[in-house]
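So this one's my_file.txt, compact mmCIF, C-alpha atoms:
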# COMPACT_ATOMS: atom_id res chain seq x y z
CA ARG A 1 13.83 80.54 10.24
CA PHE A 2 12.06 83.76 9.64
CA GLY A 3 9.97 83.79 6.48
CA THR A 4 9.71 80.03 5.97
CA LEU A 5 6.44 78.18 5.98
CA ARG A 6 5.73 74.56 6.75
CA MET A 7 3.97 72.57 4.06
CA ALA A 8 0.47 71.74 5.21
CA ARG A 9 0.07 67.98 4.87
CA PRO A 10 -3.16 66.15 5.50
CA ARG A 11 -3.18 64.11 8.68
CA SER A 12 -2.51 60.44 8.09
CA THR A 13 -5.62 58.28 8.02
CA LEU A 14 -3.60 55.08 8.30
CA ARG A 15 -4.59 52.94 11.26
CA PRO A 16 -2.89 49.87 12.76
CA ALA A 17 -4.48 46.43 12.50
CA THR A 18 -4.87 46.20 16.28
CA ARG A 19 -4.56 48.90 18.90
CA PRO A 20 -4.33 47.43 22.40
CA LYS A 21 -4.57 49.70 25.41
CA ILE A 22 -1.11 50.73 26.63
CA VAL A 23 -0.82 50.58 30.42
CA LYS A 24 2.18 52.16 32.12
CA LYS A 25 2.75 50.87 35.65
CA LYS A 26 4.93 53.83 36.57
CA THR A 27 5.01 57.03 34.52
CA ASN A 28 7.65 59.02 36.39
CA LYS A 29 11.37 58.24 36.13
CA PHE A 30 13.51 56.31 38.57
CA VAL A 31 16.15 58.82 39.69
CA ARG A 32 19.36 58.25 41.57
CA PHE A 33 18.96 58.71 45.30
CA ASP A 34 19.98 62.20 46.55
CA ALA A 35 20.77 63.36 42.99
CA ASP A 36 18.65 66.45 43.63
CA LEU A 37 21.02 67.55 46.40
CA PHE A 38 24.19 67.72 44.29
CA LYS A 39 24.52 69.48 40.95
CA ARG A 40 27.49 67.30 39.94
CA MET A 41 25.47 64.10 40.41
CA ASN A 42 23.81 62.62 37.35
CA PRO A 43 20.13 61.81 38.04
CA ALA A 44 20.30 58.61 35.94
CA TRP A 45 19.47 55.49 37.97
CA ARG A 46 22.30 53.81 39.88
CA LYS A 47 21.84 50.90 42.24
CA PRO A 48 22.68 51.90 45.83
CA HIS A 49 25.68 50.09 47.37
CA GLY A 50 26.22 52.01 50.59
CA MET A 51 26.86 49.93 53.71
CA ASP A 52 24.52 51.88 55.96
CA GLY A 53 22.34 53.57 53.33
CA ARG A 54 18.69 53.89 54.29
CA PHE A 55 17.67 53.84 50.63
CA ARG A 56 19.41 50.51 50.00
CA ARG A 57 17.75 49.07 53.12
CA HIS A 58 14.27 50.16 51.92
CA PHE A 59 13.43 52.36 54.87
CA LYS A 60 9.99 53.93 55.02
CA GLY A 61 9.75 57.25 53.19
CA THR A 62 12.45 56.54 50.61
CA PRO A 63 11.72 56.34 46.86
CA LYS A 64 10.89 53.15 44.98
CA HIS A 65 13.63 50.91 43.58
CA VAL A 66 13.86 49.62 40.04
CA LYS A 67 12.27 46.16 39.86
CA ILE A 68 11.26 43.75 37.11
CA GLY A 69 7.61 44.16 38.06
CA TYR A 70 7.55 47.70 36.65
CA GLY A 71 8.19 46.37 33.13
CA SER A 72 5.66 46.94 30.37
CA ASN A 73 3.37 44.36 28.87
CA ARG A 74 5.27 42.49 26.15
CA LYS A 75 2.47 43.06 23.62
CA THR A 76 2.56 46.83 24.09
CA ARG A 77 6.23 47.34 24.98
CA TYR A 78 7.50 49.26 21.94
CA LEU A 79 4.19 50.61 20.67
CA LEU A 80 3.75 54.27 19.83
CA PRO A 81 0.61 55.92 21.24
CA ASP A 82 -1.14 55.49 17.87
CA GLY A 83 -0.59 51.70 17.93
CA PHE A 84 2.27 51.38 15.41
CA GLN A 85 5.84 50.25 16.05
CA LYS A 86 8.76 52.32 14.76
CA PHE A 87 10.97 51.09 11.92
CA MET A 88 14.02 53.21 11.10
CA VAL A 89 14.40 53.99 7.39
CA SER A 90 17.39 55.54 5.61
CA ASN A 91 16.40 55.11 1.96
CA VAL A 92 13.53 54.14 -0.32
CA LYS A 93 14.71 50.53 -0.63
CA GLU A 94 14.36 50.01 3.14
CA LEU A 95 10.86 51.44 2.93
CA GLU A 96 9.89 48.60 0.56
CA LEU A 97 10.40 46.14 3.45
CA LEU A 98 7.27 47.54 5.10
CA LEU A 99 5.05 46.84 2.09
CA MET A 100 3.36 43.81 3.66
CA HIS A 101 3.62 45.14 7.23
CA ASN A 102 2.11 48.61 6.88
CA LYS A 103 -0.59 47.81 9.47
CA LYS A 104 1.96 47.04 12.20
CA TYR A 105 5.02 49.24 11.56
CA ALA A 106 5.38 52.95 10.86
CA ALA A 107 8.50 54.26 9.13
CA GLU A 108 10.70 56.78 10.90
CA ILE A 109 13.22 58.59 8.72
CA ALA A 110 16.72 58.56 10.24
CA HIS A 111 18.18 61.89 11.38
CA ASN A 112 21.09 61.86 8.92
CA VAL A 113 19.02 61.57 5.73
CA SER A 114 19.18 64.53 3.33
CA THR A 115 16.17 66.66 2.43
CA ARG A 116 16.11 65.37 -1.15
CA LYS A 117 15.98 61.72 -0.04
CA ARG A 118 13.42 62.56 2.65
CA LYS A 119 11.04 63.90 0.02
CA ALA A 120 11.49 60.73 -2.05
CA ILE A 121 10.86 58.52 1.01
CA VAL A 122 7.70 60.41 2.01
CA GLU A 123 6.40 60.32 -1.56
CA ARG A 124 7.00 56.56 -1.89
CA ALA A 125 5.44 55.94 1.54
CA GLU A 126 2.22 57.61 0.40
CA GLN A 127 2.15 55.35 -2.67
CA LEU A 128 2.64 52.24 -0.51
CA SER A 129 0.25 53.56 2.18
CA ILE A 130 2.91 53.40 4.89
CA LYS A 131 2.73 55.82 7.79
CA VAL A 132 5.79 58.04 8.35
CA THR A 133 6.15 59.35 11.90
CA ASN A 134 8.33 62.36 10.99
CA PRO A 135 7.44 63.44 7.43
CA GLU A 136 7.97 67.18 8.05
CA ALA A 137 11.43 66.91 9.65
CA LYS A 138 14.09 68.96 7.79
CA VAL A 139 11.67 69.76 4.96
CA ARG A 140 11.04 73.43 4.34
CA SER A 141 8.47 74.66 1.89
CA GLU A 142 9.23 77.38 -0.64
CA GLU A 143 8.42 80.86 0.52
CA ALA A 144 4.99 82.13 -0.44
CA GLU A 145 5.17 84.94 -2.96

When written as structure tokens, how does the structure in this file appear?
Amino acid sequence: RFGTLRMARPRSTLRPATRPKIVKKKTNKFVRFDADLFKRMNPAWRKPHGMDGRFRRHFKGTPKHVKIGYGSNRKTRYLLPDGFQKFMVSNVKELELLLMHNKKYAAEIAHNVSTRKRKAIVERAEQLSIKVTNPEAKVRSEEAE
């Protein structure tokens, strides 16, 4: 992408109606036990089932297990750090759904939307004062002459 410039857009001044504090009970991931020892082992969480496994038996010094108590607060569960919730948008008509809810939801343009439609969506979102989380994605500005 040599020689292309990003269009400088002003930062969005749109704010959500309420912005509760988001508290994460555990910020690091739950990884599969002993996944760091074997390259072929996927680190995604798996419940231990071994008959004699010290991890399954909760021995001292072993990592934490996945439990319901680590879940997020229901009021802040799907919130973005800026206080909005994501709403996936593929065209301008879907953007119109957020007209009355622009203080709670922010539009996110789907990955398979063309550049031409992206520009139309971003333009219409500015008119409706709807925040778009990824307005610069796939959009290249014309080269400066």

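Restricting the calculation to only C-alpha atoms, the smallest distance between A:Lys93 and any of A:Lys64, A:Arg54, A:Arg116, A:Ala125 is found for A:Ala125.
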
To one decimal place in Å, what is the distance between atom CA of A:Val132 and atom CA of A:Lys75?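 Computing the Euclidean distance for atom CA of A:Val132 and atom CA of A:Lys75 yields 21.6 Å.
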
Counting all atoms listed in the file, which residues of stretch 58-127 of chain A fall within 8 Å of stretch 30-50 of chain A, and what is the closest atom pair for each with its distance in Å at one decimal, ordered by chain and rising number, as a Markdown table?
| residue | atom | partner | partner_atom | distance |
| --- | --- | --- | --- | --- |
| A:Pro63 | CA | A:Phe33 | CA | 7.8 |
| A:Lys64 | CA | A:Phe30 | CA | 7.6 |
| A:His65 | CA | A:Phe30 | CA | 7.4 |
| A:Val66 | CA | A:Phe30 | CA | 6.9 |

As a ChimeraX atom specification, please: the residues near A:His111 (cut-off 10 Å, all atoms listed in the file, same-chain neighbours under 6 positions excluded). /A:88-90,118,134,137-138

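Atom CA of A:Ile22 lies 26.3 Å from atom CA of A:Leu97.
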
Quote the spacing between atom CA of A:Gln127 and atom CA of A:Phe84 in Å to one decimal place.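 Going from atom CA of A:Gln127 over to atom CA of A:Phe84 covers 18.5 Å.
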
Please determine, counting all atoms listed in the file, which residue among A:Val139, A:Ile121, A:Ala106, A:Leu14 has the shortest atom-to-atom distance to A:Tyr78. A:Ala106

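Using all atoms listed in the file, the shortest contact distance between A:Arg74 and any of A:His101, A:Lys24, A:His58, A:Lys86 is found at A:Lys24.
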
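Comparing the minimum interatomic distances between A:Asn91 and each of A:Lys104, A:Ala120, A:Tyr70, A:Arg77, counting only C-alpha atoms, we find that A:Ala120 sits nearest.
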
Could you write stretch 15-54 of chain A of the block just shown to a file containing N, CA and C atoms, as a PDB file, in the first residue's frame?
ATOM      1  N   ARG A  15     -21.807  10.352  21.917  1.00  0.00           N
ATOM      2  CA  ARG A  15     -21.655   9.711  23.215  1.00  0.00           C
ATOM      3  C   ARG A  15     -22.898   8.881  23.521  1.00  0.00           C
ATOM      4  N   PRO A  16     -22.734   7.772  24.241  1.00  0.00           N
ATOM      5  CA  PRO A  16     -23.910   6.973  24.609  1.00  0.00           C
ATOM      6  C   PRO A  16     -24.733   7.669  25.688  1.00  0.00           C
ATOM      7  N   ALA A  17     -25.989   7.240  25.817  1.00  0.00           N
ATOM      8  CA  ALA A  17     -26.876   7.831  26.829  1.00  0.00           C
ATOM      9  C   ALA A  17     -26.344   7.564  28.225  1.00  0.00           C
ATOM     10  N   THR A  18     -25.940   6.321  28.495  1.00  0.00           N
ATOM     11  CA  THR A  18     -25.331   5.983  29.786  1.00  0.00           C
ATOM     12  C   THR A  18     -24.037   5.241  29.517  1.00  0.00           C
ATOM     13  N   ARG A  19     -23.097   5.399  30.423  1.00  0.00           N
ATOM     14  CA  ARG A  19     -21.815   4.718  30.263  1.00  0.00           C
ATOM     15  C   ARG A  19     -21.401   4.120  31.600  1.00  0.00           C
ATOM     16  N   PRO A  20     -21.945   2.932  31.931  1.00  0.00           N
ATOM     17  CA  PRO A  20     -21.577   2.316  33.210  1.00  0.00           C
ATOM     18  C   PRO A  20     -20.137   1.820  33.188  1.00  0.00           C
ATOM     19  N   LYS A  21     -19.557   1.704  34.357  1.00  0.00           N
ATOM     20  CA  LYS A  21     -18.183   1.212  34.456  1.00  0.00           C
ATOM     21  C   LYS A  21     -18.164  -0.276  34.174  1.00  0.00           C
ATOM     22  N   ILE A  22     -17.272  -0.697  33.261  1.00  0.00           N
ATOM     23  CA  ILE A  22     -17.170  -2.101  32.882  1.00  0.00           C
ATOM     24  C   ILE A  22     -16.123  -2.760  33.770  1.00  0.00           C
ATOM     25  N   VAL A  23     -16.545  -3.776  34.520  1.00  0.00           N
ATOM     26  CA  VAL A  23     -15.638  -4.491  35.423  1.00  0.00           C
ATOM     27  C   VAL A  23     -15.437  -5.903  34.886  1.00  0.00           C
ATOM     28  N   LYS A  24     -14.189  -6.253  34.632  1.00  0.00           N
ATOM     29  CA  LYS A  24     -13.858  -7.613  34.197  1.00  0.00           C
ATOM     30  C   LYS A  24     -13.323  -8.365  35.405  1.00  0.00           C
ATOM     31  N   LYS A  25     -13.928  -9.505  35.731  1.00  0.00           N
ATOM     32  CA  LYS A  25     -13.486 -10.268  36.895  1.00  0.00           C
ATOM     33  C   LYS A  25     -12.178 -10.993  36.622  1.00  0.00           C
ATOM     34  N   LYS A  26     -11.961 -11.359  35.379  1.00  0.00           N
ATOM     35  CA  LYS A  26     -10.728 -12.054  35.003  1.00  0.00           C
ATOM     36  C   LYS A  26     -10.357 -11.602  33.606  1.00  0.00           C
ATOM     37  N   THR A  27      -9.186 -10.999  33.445  1.00  0.00           N
ATOM     38  CA  THR A  27      -8.826 -10.434  32.143  1.00  0.00           C
ATOM     39  C   THR A  27      -8.031 -11.409  31.281  1.00  0.00           C
ATOM     40  N   ASN A  28      -7.307 -12.337  31.897  1.00  0.00           N
ATOM     41  CA  ASN A  28      -6.556 -13.286  31.071  1.00  0.00           C
ATOM     42  C   ASN A  28      -7.451 -14.462  30.670  1.00  0.00           C
ATOM     43  N   LYS A  29      -7.013 -15.213  29.663  1.00  0.00           N
ATOM     44  CA  LYS A  29      -7.832 -16.285  29.099  1.00  0.00           C
ATOM     45  C   LYS A  29      -7.726 -17.564  29.927  1.00  0.00           C
ATOM     46  N   PHE A  30      -8.778 -18.366  29.865  1.00  0.00           N
ATOM     47  CA  PHE A  30      -8.719 -19.716  30.414  1.00  0.00           C
ATOM     48  C   PHE A  30      -8.112 -20.600  29.325  1.00  0.00           C
ATOM     49  N   VAL A  31      -6.976 -21.203  29.605  1.00  0.00           N
ATOM     50  CA  VAL A  31      -6.336 -22.054  28.595  1.00  0.00           C
ATOM     51  C   VAL A  31      -6.403 -23.515  29.021  1.00  0.00           C
ATOM     52  N   ARG A  32      -6.345 -24.385  28.060  1.00  0.00           N
ATOM     53  CA  ARG A  32      -6.396 -25.817  28.315  1.00  0.00           C
ATOM     54  C   ARG A  32      -5.169 -26.242  29.109  1.00  0.00           C
ATOM     55  N   PHE A  33      -5.365 -27.085  30.069  1.00  0.00           N
ATOM     56  CA  PHE A  33      -4.267 -27.507  30.940  1.00  0.00           C
ATOM     57  C   PHE A  33      -3.190 -28.223  30.137  1.00  0.00           C
ATOM     58  N   ASP A  34      -1.940 -27.866  30.376  1.00  0.00           N
ATOM     59  CA  ASP A  34      -0.754 -28.444  29.716  1.00  0.00           C
ATOM     60  C   ASP A  34      -0.697 -28.171  28.219  1.00  0.00           C
ATOM     61  N   ALA A  35      -1.467 -27.214  27.707  1.00  0.00           N
ATOM     62  CA  ALA A  35      -1.417 -26.890  26.275  1.00  0.00           C
ATOM     63  C   ALA A  35      -0.100 -26.227  25.908  1.00  0.00           C
ATOM     64  N   ASP A  36       0.586 -25.638  26.883  1.00  0.00           N
ATOM     65  CA  ASP A  36       1.874 -25.007  26.597  1.00  0.00           C
ATOM     66  C   ASP A  36       2.994 -26.032  26.424  1.00  0.00           C
ATOM     67  N   LEU A  37       2.753 -27.277  26.804  1.00  0.00           N
ATOM     68  CA  LEU A  37       3.789 -28.305  26.696  1.00  0.00           C
ATOM     69  C   LEU A  37       3.804 -28.982  25.327  1.00  0.00           C
ATOM     70  N   PHE A  38       2.687 -28.953  24.612  1.00  0.00           N
ATOM     71  CA  PHE A  38       2.598 -29.661  23.338  1.00  0.00           C
ATOM     72  C   PHE A  38       2.150 -28.713  22.241  1.00  0.00           C
ATOM     73  N   LYS A  39       2.922 -28.662  21.161  1.00  0.00           N
ATOM     74  CA  LYS A  39       2.612 -27.762  20.063  1.00  0.00           C
ATOM     75  C   LYS A  39       1.318 -28.167  19.361  1.00  0.00           C
ATOM     76  N   ARG A  40       1.045 -29.469  19.323  1.00  0.00           N
ATOM     77  CA  ARG A  40      -0.138 -29.966  18.609  1.00  0.00           C
ATOM     78  C   ARG A  40      -1.430 -29.722  19.381  1.00  0.00           C
ATOM     79  N   MET A  41      -1.339 -29.291  20.639  1.00  0.00           N
ATOM     80  CA  MET A  41      -2.509 -29.131  21.481  1.00  0.00           C
ATOM     81  C   MET A  41      -3.057 -27.713  21.372  1.00  0.00           C
ATOM     82  N   ASN A  42      -4.326 -27.618  21.047  1.00  0.00           N
ATOM     83  CA  ASN A  42      -4.984 -26.319  20.938  1.00  0.00           C
ATOM     84  C   ASN A  42      -5.155 -25.716  22.331  1.00  0.00           C
ATOM     85  N   PRO A  43      -4.795 -24.440  22.530  1.00  0.00           N
ATOM     86  CA  PRO A  43      -4.920 -23.852  23.873  1.00  0.00           C
ATOM     87  C   PRO A  43      -6.349 -23.485  24.278  1.00  0.00           C
ATOM     88  N   ALA A  44      -7.322 -23.683  23.367  1.00  0.00           N
ATOM     89  CA  ALA A  44      -8.716 -23.357  23.700  1.00  0.00           C
ATOM     90  C   ALA A  44      -9.188 -24.227  24.869  1.00  0.00           C
ATOM     91  N   TRP A  45     -10.035 -23.673  25.722  1.00  0.00           N
ATOM     92  CA  TRP A  45     -10.468 -24.346  26.937  1.00  0.00           C
ATOM     93  C   TRP A  45     -11.168 -25.668  26.647  1.00  0.00           C
ATOM     94  N   ARG A  46     -10.772 -26.700  27.379  1.00  0.00           N
ATOM     95  CA  ARG A  46     -11.455 -27.995  27.382  1.00  0.00           C
ATOM     96  C   ARG A  46     -11.578 -28.436  28.830  1.00  0.00           C
ATOM     97  N   LYS A  47     -12.716 -28.971  29.186  1.00  0.00           N
ATOM     98  CA  LYS A  47     -12.918 -29.438  30.547  1.00  0.00           C
ATOM     99  C   LYS A  47     -12.077 -30.692  30.769  1.00  0.00           C
ATOM    100  N   PRO A  48     -11.358 -30.779  31.889  1.00  0.00           N
ATOM    101  CA  PRO A  48     -10.533 -31.959  32.133  1.00  0.00           C
ATOM    102  C   PRO A  48     -11.379 -33.160  32.543  1.00  0.00           C
ATOM    103  N   HIS A  49     -11.069 -34.335  31.976  1.00  0.00           N
ATOM    104  CA  HIS A  49     -11.822 -35.559  32.273  1.00  0.00           C
ATOM    105  C   HIS A  49     -10.944 -36.691  32.795  1.00  0.00           C
ATOM    106  N   GLY A  50      -9.657 -36.412  32.980  1.00  0.00           N
ATOM    107  CA  GLY A  50      -8.745 -37.482  33.382  1.00  0.00           C
ATOM    108  C   GLY A  50      -9.103 -38.085  34.738  1.00  0.00           C
ATOM    109  N   MET A  51      -8.900 -39.395  34.850  1.00  0.00           N
ATOM    110  CA  MET A  51      -9.272 -40.103  36.080  1.00  0.00           C
ATOM    111  C   MET A  51      -8.437 -39.635  37.270  1.00  0.00           C
ATOM    112  N   ASP A  52      -7.138 -39.491  37.049  1.00  0.00           N
ATOM    113  CA  ASP A  52      -6.243 -39.136  38.148  1.00  0.00           C
ATOM    114  C   ASP A  52      -5.694 -37.722  38.029  1.00  0.00           C
ATOM    115  N   GLY A  53      -6.237 -36.928  37.121  1.00  0.00           N
ATOM    116  CA  GLY A  53      -5.654 -35.617  36.830  1.00  0.00           C
ATOM    117  C   GLY A  53      -5.689 -34.666  38.013  1.00  0.00           C
ATOM    118  N   ARG A  54      -4.535 -34.069  38.314  1.00  0.00           N
ATOM    119  CA  ARG A  54      -4.478 -33.134  39.444  1.00  0.00           C
ATOM    120  C   ARG A  54      -5.223 -31.851  39.130  1.00  0.00           C
TER     121      ARG A  54
END
